[in-house]
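Listing of final.txt, compact mmCIF, C-alpha atoms
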# COMPACT_ATOMS: atom_id res chain seq x y z
CA MET A 162 -16.24 52.43 -71.52
CA SER A 163 -19.65 52.73 -73.07
CA ASP A 164 -21.60 54.42 -70.24
CA ILE A 165 -19.21 56.60 -68.27
CA ASN A 166 -22.10 58.75 -67.02
CA LYS A 167 -23.21 56.10 -64.51
CA LEU A 168 -19.78 56.43 -62.82
CA ILE A 169 -19.96 60.22 -62.51
CA GLY A 170 -21.50 61.85 -59.45
CA ILE A 171 -21.12 58.92 -57.05
CA PRO A 172 -20.74 60.45 -53.58
CA PHE A 173 -17.49 60.02 -51.66
CA LYS A 174 -17.80 57.54 -48.79
CA ASN A 175 -14.77 56.35 -46.82
CA GLY A 176 -14.68 52.57 -47.25
CA GLY A 177 -17.51 52.63 -49.80
CA ARG A 178 -17.50 50.06 -52.60
CA ASP A 179 -20.75 50.60 -54.54
CA PHE A 180 -22.88 53.17 -56.34
CA ASP A 181 -24.21 54.50 -53.01
CA GLY A 182 -20.72 55.83 -52.21
CA CYS A 183 -17.04 55.08 -52.79
CA ASP A 184 -13.62 56.17 -51.70
CA CYS A 185 -10.95 56.31 -54.41
CA MET A 186 -10.05 52.60 -54.22
CA GLY A 187 -13.69 51.61 -54.04
CA LEU A 188 -14.37 53.59 -57.20
CA SER A 189 -11.44 51.88 -58.97
CA ILE A 190 -12.85 48.49 -57.98
CA LEU A 191 -16.31 49.54 -59.22
CA VAL A 192 -14.97 50.91 -62.55
CA HIS A 193 -12.95 47.74 -63.18
CA LYS A 194 -16.01 45.63 -62.36
CA GLU A 195 -18.12 47.65 -64.81
CA MET A 196 -15.42 46.96 -67.44
CA GLY A 197 -15.51 43.20 -66.72
CA LYS A 198 -12.35 43.06 -64.57
CA ILE A 199 -11.77 42.11 -60.95
CA ILE A 200 -9.02 43.74 -58.90
CA PRO A 201 -8.11 43.21 -55.24
CA ASP A 202 -9.42 45.48 -52.53
CA PHE A 203 -7.11 47.49 -50.28
CA LYS A 204 -8.96 48.04 -47.05
CA ALA A 205 -7.57 51.26 -45.65
CA ASP A 206 -9.00 54.43 -44.21
CA SER A 207 -8.82 56.91 -47.08
CA THR A 208 -7.36 59.56 -44.76
CA ASP A 209 -4.35 57.40 -43.77
CA SER A 210 -1.77 58.51 -46.36
CA VAL A 211 1.09 56.52 -44.84
CA LEU A 212 -0.89 53.26 -44.84
CA ILE A 213 -2.15 53.83 -48.40
CA ASN A 214 1.40 54.43 -49.63
CA SER A 215 2.74 51.33 -47.84
CA ILE A 216 -0.05 49.16 -49.30
CA PHE A 217 0.76 50.26 -52.83
CA GLU A 218 4.51 49.81 -52.26
CA SER A 219 3.99 46.26 -50.96
CA GLN A 220 1.68 45.39 -53.86
CA GLU A 221 4.21 46.67 -56.40
CA SER A 222 7.05 44.67 -54.86
CA SER A 223 4.87 41.54 -54.72
CA LYS A 224 4.43 41.69 -58.51
CA GLU A 225 0.63 41.62 -58.18
CA TRP A 226 0.59 44.74 -60.32
CA ILE A 227 2.44 45.33 -63.58
CA LYS A 228 3.77 48.85 -64.16
CA LEU A 229 2.78 50.14 -67.59
CA GLU A 230 4.79 52.62 -69.63
CA PHE A 231 1.57 54.08 -71.02
CA PRO A 232 -1.97 53.84 -69.66
CA GLU A 233 -4.41 51.30 -71.07
CA ALA A 234 -8.04 50.88 -70.14
CA PRO A 235 -8.69 49.80 -67.50
CA CYS A 236 -5.65 50.38 -65.33
CA ILE A 237 -5.17 52.13 -62.03
CA VAL A 238 -3.47 55.50 -61.92
CA LEU A 239 -1.44 56.10 -58.78
CA MET A 240 -1.08 59.70 -57.69
CA GLY A 241 0.80 61.63 -55.08
CA LEU A 242 -1.47 64.32 -53.67
CA HIS A 243 0.33 64.78 -50.34
CA PRO A 244 1.25 68.48 -50.17
CA GLU A 245 4.64 67.93 -48.51
CA ILE A 246 5.76 64.48 -49.73
CA LYS A 247 5.02 64.58 -53.43
CA GLU A 248 6.38 61.09 -54.23
CA MET A 249 4.08 59.43 -51.66
CA VAL A 250 1.17 57.59 -53.31
CA THR A 251 -2.00 58.79 -51.62
CA HIS A 252 -4.65 58.55 -54.32
CA VAL A 253 -5.83 56.20 -57.04
CA GLY A 254 -7.99 56.68 -60.09
CA THR A 255 -8.82 54.46 -63.05
CA TYR A 256 -7.79 55.13 -66.63
CA ILE A 257 -10.82 54.49 -68.85
CA GLY A 258 -9.38 55.41 -72.24
CA SER A 259 -9.04 58.49 -74.48
CA GLY A 260 -6.86 60.22 -71.88
CA ASN A 261 -9.59 60.06 -69.20
CA VAL A 262 -9.29 59.07 -65.54
CA VAL A 263 -12.27 58.59 -63.25
CA HIS A 264 -11.65 59.27 -59.56
CA THR A 265 -13.17 60.67 -56.39
CA LEU A 266 -11.90 62.86 -53.59
CA GLU A 267 -13.14 63.40 -50.06
CA ASP A 268 -16.00 65.93 -49.80
CA SER A 269 -16.75 65.46 -53.50
CA THR A 270 -18.38 63.14 -56.00
CA SER A 271 -16.73 61.00 -58.66
CA SER A 272 -15.57 62.84 -61.75
CA VAL A 273 -13.34 62.51 -64.80
CA PHE A 274 -10.12 64.36 -65.56
CA LYS A 275 -7.69 64.25 -68.48
CA ILE A 276 -4.20 62.87 -67.74
CA THR A 277 -2.92 66.14 -69.23
CA HIS A 278 -4.86 68.27 -66.70
CA PRO A 279 -2.45 70.84 -65.18
CA PHE A 280 -3.32 69.89 -61.58
CA PHE A 281 -2.95 66.12 -62.03
CA LYS A 282 -0.34 65.53 -64.76
CA ASN A 283 2.67 66.09 -62.46
CA LYS A 284 1.09 64.13 -59.62
CA ILE A 285 0.74 60.85 -61.53
CA ARG A 286 3.21 58.29 -60.12
CA GLY A 287 2.40 55.46 -62.50
CA TYR A 288 -0.06 53.31 -64.36
CA TYR A 289 -0.62 49.74 -63.18
CA LYS A 290 -2.52 46.73 -64.45
CA TYR A 291 -3.46 43.83 -62.19
CA ALA A 292 -1.09 40.94 -63.03
CA GLU A 293 -3.75 38.23 -62.80
CA ASP A 294 -5.63 40.02 -65.54
CA SER A 295 -2.62 39.59 -67.87
CA SER A 296 -2.05 35.93 -67.01
CA ASN A 297 -5.64 35.09 -67.86
CA GLY A 298 -5.35 36.72 -71.24
CA ASN A 299 -7.97 39.29 -70.27
CA THR A 300 -6.67 42.49 -71.80
What's the structure tokens form of this structure?
Amino acid sequence: MSDINKLIGIPFKNGGRDFDGCDCMGLSILVHKEMGKIIPDFKADSTDSVLINSIFESQESSKEWIKLEFPEAPCIVLMGLHPEIKEMVTHVGTYIGSGNVVHTLEDSTSSVFKITHPFFKNKIRGYYKYAEDSSNGNT
């Protein structure tokens, strides 16, 4: 990603999908778009952990997303941030290369973390690439 700085500092906005404000899925859509890729939107309230988890589970079982053994840019990074149910997927970021993930959290702005960061490394549930991207030869 040549200009990561334009993706840093975007304010959190539940349901947001542009540079004026994004939730975590909106930021992933925006990052993919900036990298020349289109991914589907999951319209869900960012505070509804159960719905977010069920959306990602249904997408995985539908084969729309391919699980990757190792991250490749761009791919989504699913995370479990629920304090009591650690395996529940409640957050998404986007791997942009060189060990970096761009993401946003409520009451914050978008930022980058390393996949080896002590807070996040044990919360990562998987790396996924949109299947349509692979079938089109767009890697």
| query | Nearest to Ala234 of chain A: which of A:Glu195, A:Asp209, A:Glu267, A:Glu293 is it, counting all atoms listed in the file? | reply |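 Of all the options, A:Glu195 lies closest to Ala234 of chain A.
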| Distance query Glu233 of chain A at most 12 Å, only C-alpha atoms, self and fewer than 3 positions along chain excluded, as a list in words |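 Skipping anything fewer than 3 positions along the chain leaves Met162, Ile227, Lys228, Leu229, Glu230, Cys236, Ile237, Val238, Thr255, Tyr256, Ile257, Gly258, Ser259, Gly260, Asn261, Val262, Gly287, Tyr288, Tyr289, Lys290, Tyr291 and Thr300 of chain A.
Distances here use all atoms listed in the file; by that measure, the residue among A:Ser271, A:Asn283, A:Thr277, A:Asn214 closest to Leu168 of chain A is A:Ser271.
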| query | By how many Å are atom CA of Ile165 of chain A and atom CA of Gln220 of chain A apart? | reply |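 Interatomic distance, atom CA of Ile165 of chain A to atom CA of Gln220 of chain A: 27.7 Å.
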| query | Looking at A:Ala205, A:Val211, A:Cys185, A:Val192, which one is nearest to Leu239 of chain A, with distances taken over all atoms listed in the file? | reply | A:Cys185
| said: At a cut-off of 12 Å around the point (-14.7, 45.1, -62.3) (file coordinates), what residues fall inside when counting all atoms listed in the file? I'd like the answer as a PyMOL selection string. | reply: chain A and resi 162+178-179+186-202+234-237+255+291+294+299
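From atom CA of His278 of chain A back to atom CA of Pro172 of chain A, the distance works out to 22.0 Å.
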| note | Of A:Glu245, A:Trp226, A:Val263, A:Phe274, the one sitting nearest Lys167 of chain A when using all atoms listed in the file is A:Val263
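Taking atom CA of Thr251 of chain A and atom CA of Arg286 of chain A as the two end points, the separation is 10.0 Å.
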| task | Find, counting all atoms listed in the file, the residue in A:Lys284, A:Asp206, A:Ile213, A:Ser223 that gets nearest to Lys247 of chain A. | result |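 Closest to Lys247 of chain A, using all atoms listed in the file: A:Lys284.
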| request: Name the closest residue to Asp181 of chain A among the candidates A:Phe203, A:Ile169, A:Lys275, A:Ala292; distances are taken between atoms, counting only C-alpha atoms. | output: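 That would be A:Ile169, the residue with the smallest distance to Asp181 of chain A.
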Is there a way to complete segment 190-219 of chain A with N, CA and C atoms and then write that out as a PDB file, keeping the file's coordinate frame?
ATOM      1  N   ILE A 190     -12.304  49.849 -57.965  1.00  0.00           N
ATOM      2  CA  ILE A 190     -12.850  48.490 -57.980  1.00  0.00           C
ATOM      3  C   ILE A 190     -14.160  48.473 -58.773  1.00  0.00           C
ATOM      4  N   LEU A 191     -15.018  49.461 -58.532  1.00  0.00           N
ATOM      5  CA  LEU A 191     -16.310  49.540 -59.220  1.00  0.00           C
ATOM      6  C   LEU A 191     -16.128  49.761 -60.730  1.00  0.00           C
ATOM      7  N   VAL A 192     -15.221  50.644 -61.123  1.00  0.00           N
ATOM      8  CA  VAL A 192     -14.970  50.910 -62.550  1.00  0.00           C
ATOM      9  C   VAL A 192     -14.450  49.646 -63.228  1.00  0.00           C
ATOM     10  N   HIS A 193     -13.466  48.983 -62.606  1.00  0.00           N
ATOM     11  CA  HIS A 193     -12.950  47.740 -63.180  1.00  0.00           C
ATOM     12  C   HIS A 193     -14.065  46.710 -63.337  1.00  0.00           C
ATOM     13  N   LYS A 194     -14.900  46.591 -62.306  1.00  0.00           N
ATOM     14  CA  LYS A 194     -16.010  45.630 -62.360  1.00  0.00           C
ATOM     15  C   LYS A 194     -16.947  45.949 -63.523  1.00  0.00           C
ATOM     16  N   GLU A 195     -17.252  47.229 -63.707  1.00  0.00           N
ATOM     17  CA  GLU A 195     -18.120  47.650 -64.810  1.00  0.00           C
ATOM     18  C   GLU A 195     -17.478  47.344 -66.171  1.00  0.00           C
ATOM     19  N   MET A 196     -16.143  47.256 -66.203  1.00  0.00           N
ATOM     20  CA  MET A 196     -15.420  46.960 -67.440  1.00  0.00           C
ATOM     21  C   MET A 196     -15.074  45.475 -67.544  1.00  0.00           C
ATOM     22  N   GLY A 197     -15.682  44.645 -66.658  1.00  0.00           N
ATOM     23  CA  GLY A 197     -15.510  43.200 -66.720  1.00  0.00           C
ATOM     24  C   GLY A 197     -14.232  42.679 -66.097  1.00  0.00           C
ATOM     25  N   LYS A 198     -13.613  43.445 -65.219  1.00  0.00           N
ATOM     26  CA  LYS A 198     -12.350  43.060 -64.570  1.00  0.00           C
ATOM     27  C   LYS A 198     -12.525  43.048 -63.059  1.00  0.00           C
ATOM     28  N   ILE A 199     -11.779  42.184 -62.410  1.00  0.00           N
ATOM     29  CA  ILE A 199     -11.770  42.110 -60.950  1.00  0.00           C
ATOM     30  C   ILE A 199     -10.372  42.455 -60.464  1.00  0.00           C
ATOM     31  N   ILE A 200     -10.296  43.389 -59.521  1.00  0.00           N
ATOM     32  CA  ILE A 200      -9.020  43.740 -58.900  1.00  0.00           C
ATOM     33  C   ILE A 200      -9.160  43.582 -57.392  1.00  0.00           C
ATOM     34  N   PRO A 201      -8.026  43.387 -56.691  1.00  0.00           N
ATOM     35  CA  PRO A 201      -8.110  43.210 -55.240  1.00  0.00           C
ATOM     36  C   PRO A 201      -8.467  44.506 -54.515  1.00  0.00           C
ATOM     37  N   ASP A 202      -9.045  44.347 -53.359  1.00  0.00           N
ATOM     38  CA  ASP A 202      -9.420  45.480 -52.530  1.00  0.00           C
ATOM     39  C   ASP A 202      -8.301  45.782 -51.542  1.00  0.00           C
ATOM     40  N   PHE A 203      -8.056  47.046 -51.302  1.00  0.00           N
ATOM     41  CA  PHE A 203      -7.110  47.490 -50.280  1.00  0.00           C
ATOM     42  C   PHE A 203      -7.938  48.166 -49.206  1.00  0.00           C
ATOM     43  N   LYS A 204      -8.140  47.486 -48.119  1.00  0.00           N
ATOM     44  CA  LYS A 204      -8.960  48.040 -47.050  1.00  0.00           C
ATOM     45  C   LYS A 204      -8.097  48.969 -46.195  1.00  0.00           C
ATOM     46  N   ALA A 205      -8.306  50.255 -46.420  1.00  0.00           N
ATOM     47  CA  ALA A 205      -7.570  51.260 -45.650  1.00  0.00           C
ATOM     48  C   ALA A 205      -8.429  52.496 -45.524  1.00  0.00           C
ATOM     49  N   ASP A 206      -8.320  53.160 -44.396  1.00  0.00           N
ATOM     50  CA  ASP A 206      -9.000  54.430 -44.210  1.00  0.00           C
ATOM     51  C   ASP A 206      -8.421  55.409 -45.239  1.00  0.00           C
ATOM     52  N   SER A 207      -9.282  56.043 -45.997  1.00  0.00           N
ATOM     53  CA  SER A 207      -8.820  56.910 -47.080  1.00  0.00           C
ATOM     54  C   SER A 207      -8.066  58.143 -46.588  1.00  0.00           C
ATOM     55  N   THR A 208      -8.097  58.416 -45.293  1.00  0.00           N
ATOM     56  CA  THR A 208      -7.360  59.560 -44.760  1.00  0.00           C
ATOM     57  C   THR A 208      -5.969  59.169 -44.253  1.00  0.00           C
ATOM     58  N   ASP A 209      -5.638  57.886 -44.276  1.00  0.00           N
ATOM     59  CA  ASP A 209      -4.350  57.400 -43.770  1.00  0.00           C
ATOM     60  C   ASP A 209      -3.336  57.302 -44.907  1.00  0.00           C
ATOM     61  N   SER A 210      -2.709  58.426 -45.235  1.00  0.00           N
ATOM     62  CA  SER A 210      -1.770  58.510 -46.360  1.00  0.00           C
ATOM     63  C   SER A 210      -0.602  57.544 -46.241  1.00  0.00           C
ATOM     64  N   VAL A 211      -0.065  57.400 -45.044  1.00  0.00           N
ATOM     65  CA  VAL A 211       1.090  56.520 -44.840  1.00  0.00           C
ATOM     66  C   VAL A 211       0.711  55.069 -45.117  1.00  0.00           C
ATOM     67  N   LEU A 212      -0.440  54.632 -44.609  1.00  0.00           N
ATOM     68  CA  LEU A 212      -0.890  53.260 -44.840  1.00  0.00           C
ATOM     69  C   LEU A 212      -1.182  53.030 -46.324  1.00  0.00           C
ATOM     70  N   ILE A 213      -1.850  53.967 -46.966  1.00  0.00           N
ATOM     71  CA  ILE A 213      -2.150  53.830 -48.400  1.00  0.00           C
ATOM     72  C   ILE A 213      -0.858  53.669 -49.193  1.00  0.00           C
ATOM     73  N   ASN A 214       0.123  54.511 -48.924  1.00  0.00           N
ATOM     74  CA  ASN A 214       1.400  54.430 -49.630  1.00  0.00           C
ATOM     75  C   ASN A 214       2.078  53.083 -49.385  1.00  0.00           C
ATOM     76  N   SER A 215       2.073  52.599 -48.136  1.00  0.00           N
ATOM     77  CA  SER A 215       2.740  51.330 -47.840  1.00  0.00           C
ATOM     78  C   SER A 215       2.015  50.153 -48.504  1.00  0.00           C
ATOM     79  N   ILE A 216       0.703  50.218 -48.614  1.00  0.00           N
ATOM     80  CA  ILE A 216      -0.050  49.160 -49.300  1.00  0.00           C
ATOM     81  C   ILE A 216       0.360  49.103 -50.763  1.00  0.00           C
ATOM     82  N   PHE A 217       0.393  50.250 -51.420  1.00  0.00           N
ATOM     83  CA  PHE A 217       0.760  50.260 -52.830  1.00  0.00           C
ATOM     84  C   PHE A 217       2.212  49.837 -53.046  1.00  0.00           C
ATOM     85  N   GLU A 218       3.106  50.239 -52.154  1.00  0.00           N
ATOM     86  CA  GLU A 218       4.510  49.810 -52.260  1.00  0.00           C
ATOM     87  C   GLU A 218       4.620  48.291 -52.118  1.00  0.00           C
ATOM     88  N   SER A 219       3.909  47.704 -51.161  1.00  0.00           N
ATOM     89  CA  SER A 219       3.990  46.260 -50.960  1.00  0.00           C
ATOM     90  C   SER A 219       3.370  45.505 -52.135  1.00  0.00           C
TER      91      SER A 219
END
